[in-house]
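In what follows, a structure is listed as structure tokens, so that the remarks can point back to it.
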Amino acid sequence: MSETASRYAVFGHPVAHSLSPRIHQTFARQFGIALEYETIDVAPDDFANAVRDFFAGGGAGANVTVPHKHAALALADTHSEAAARSGAANVLTPQADGGLAAHNNDGVGMVRDLTERHRLDLRGHDTLLLGAGGAAQGVAWALLDAGVDTLTIVNRSAERAEALADRLGEPARAHARYWNDLASIGSFDLIVNATSAGVQGQALDLPFAIVGARALCYDLSYGQAATPFLSWARAAGARFALDGLGMLVETAADSFALWHGKRPDADPVYDALRADGV
């Protein structure tokens with residue numbers, strides 16, 4: 001790698017499993033760009049200092065994954081509209097004045113994966129969003145923008161679900177329910193798992209009753225982390241059970257375009273990862 005290669009990274013905890021280094025290197029080869037991209041595993045208490053050290057050492061851009069997306073926004077000096085309204089950021093970019101700009105492209109990446117790659121129409125769907133953390137906040141507005149009919153938010157901590165529903169500001173479409181109500185709140189056309197349960201190796205223990213006859217179940221995680229939810233969805237009879245690999249590739253492409261001014265072709269990268277069994 002050239003000594004002049006720009007440095008990029010993804011911050012998370014855990015993060016060793018991340019495919020982001022491979023994806024960004026593949027994108028860079030499309031344009032003949034030299035770059036270094038690493039994973040940085042850092043505990044929440046050390047996140048702010050680690051990010052400052054990275055950019056002080058010449059870092060040119062960073063992606064941020066769980067559990068740091070709220071902290072990433074708080075650390076930034078400026079932010080995009082998507083980051084501001086979601087209260088979370090998955091991209092940090094250094095500015096000429098030394099500050100950091102925060103962006104959030106989770107929602108648009110998810111919707112692009114579903115509507116363009118998988119050719120699915122989200123309009124009119126009754127949607128269940130599992131989780132109310134940074135990942136959920138990143139996609140909630142995009143789901144409403146994509147035309148879902150209703151958005152029911154359920155989280156282990158009911159207060160966080162209610163806070164997200166309130167922030168969405170559309171009480172006729174978006175509301176919160178208690179996790180313990182899942183068995184009795186009816187069925188849904190679209191179920192999005194935005195919890196970190198799979199990443200943390202935890203079970204969700206969801207009732208089959210929430211899965212509608214032609215339901216689409218989508219996990220924001222990918223690979224092994226998404227396996228428990230997708231296995232449950234298939235057992236429950238979901239018509240589609242999809243992981244978030246396409247969302248990851250799309251958000252990576254958007255990050256790459258933000259940093260380099262050129263948007264790479266995401267489809268060959270997605271296809272290559274699938275061919276490798278991801």
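Residue numbering restarts at 1 for every chain of the structure tokens, chains are lettered A, B, ... in their displayed order, and ligands are numbered from 1 as they appear.
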What parts of range 43-265 of chain A does DSSP call strand (DSSP E or B)? I'd like the answer as a ChimeraX atom specification. /A:59-64,78-79,91-94,100-103,126-130,150-155,174-178,188-193,211-219,240-242
Can you write out as a tab-separated table which residues of range 143-237 of chain A fall within 10 Å of range 62-66 of chain A, alongside each residue's closest atom pair and its distance in Å to one decimal, counting only C-alpha atoms and ordering rows by chain and ascending residue number?
residue	atom	partner	partner_atom	distance
A:Thr195	CA	A:Val66	CA	9.9
A:Ser196	CA	A:Val66	CA	7.6
A:Val199	CA	A:Val66	CA	9.0
I need the residue nearest His103 in chain A from this list: A:Thr251, A:Ser20, A:Thr152, A:Asn49. Use only C-alpha atoms for the distance.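 Looking only at the distances to His103 in chain A, the closest residue turns out to be A:Thr251.
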Residue neighbourhood range 235-249 of chain A, 6 Å, only C-alpha atoms, exclusion window fewer than 3 positions, as a list in words: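 Non-adjacent residues within range: Gly109, Met110, Asp113, Phe208, Arg214, Ala215, Leu216, Cys217, Tyr218, Asp219, Leu220, Ser221, Tyr222, Leu230, Trp232 and Ala252 of chain A.
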Quick one: DSSP helix (DSSP H, G or I) residues in range 11-214 of chain A, as a ChimeraX atom specification? /A:20-31,44-56,69-75,81-86,106-117,134-145,158-168,179-184,208-210
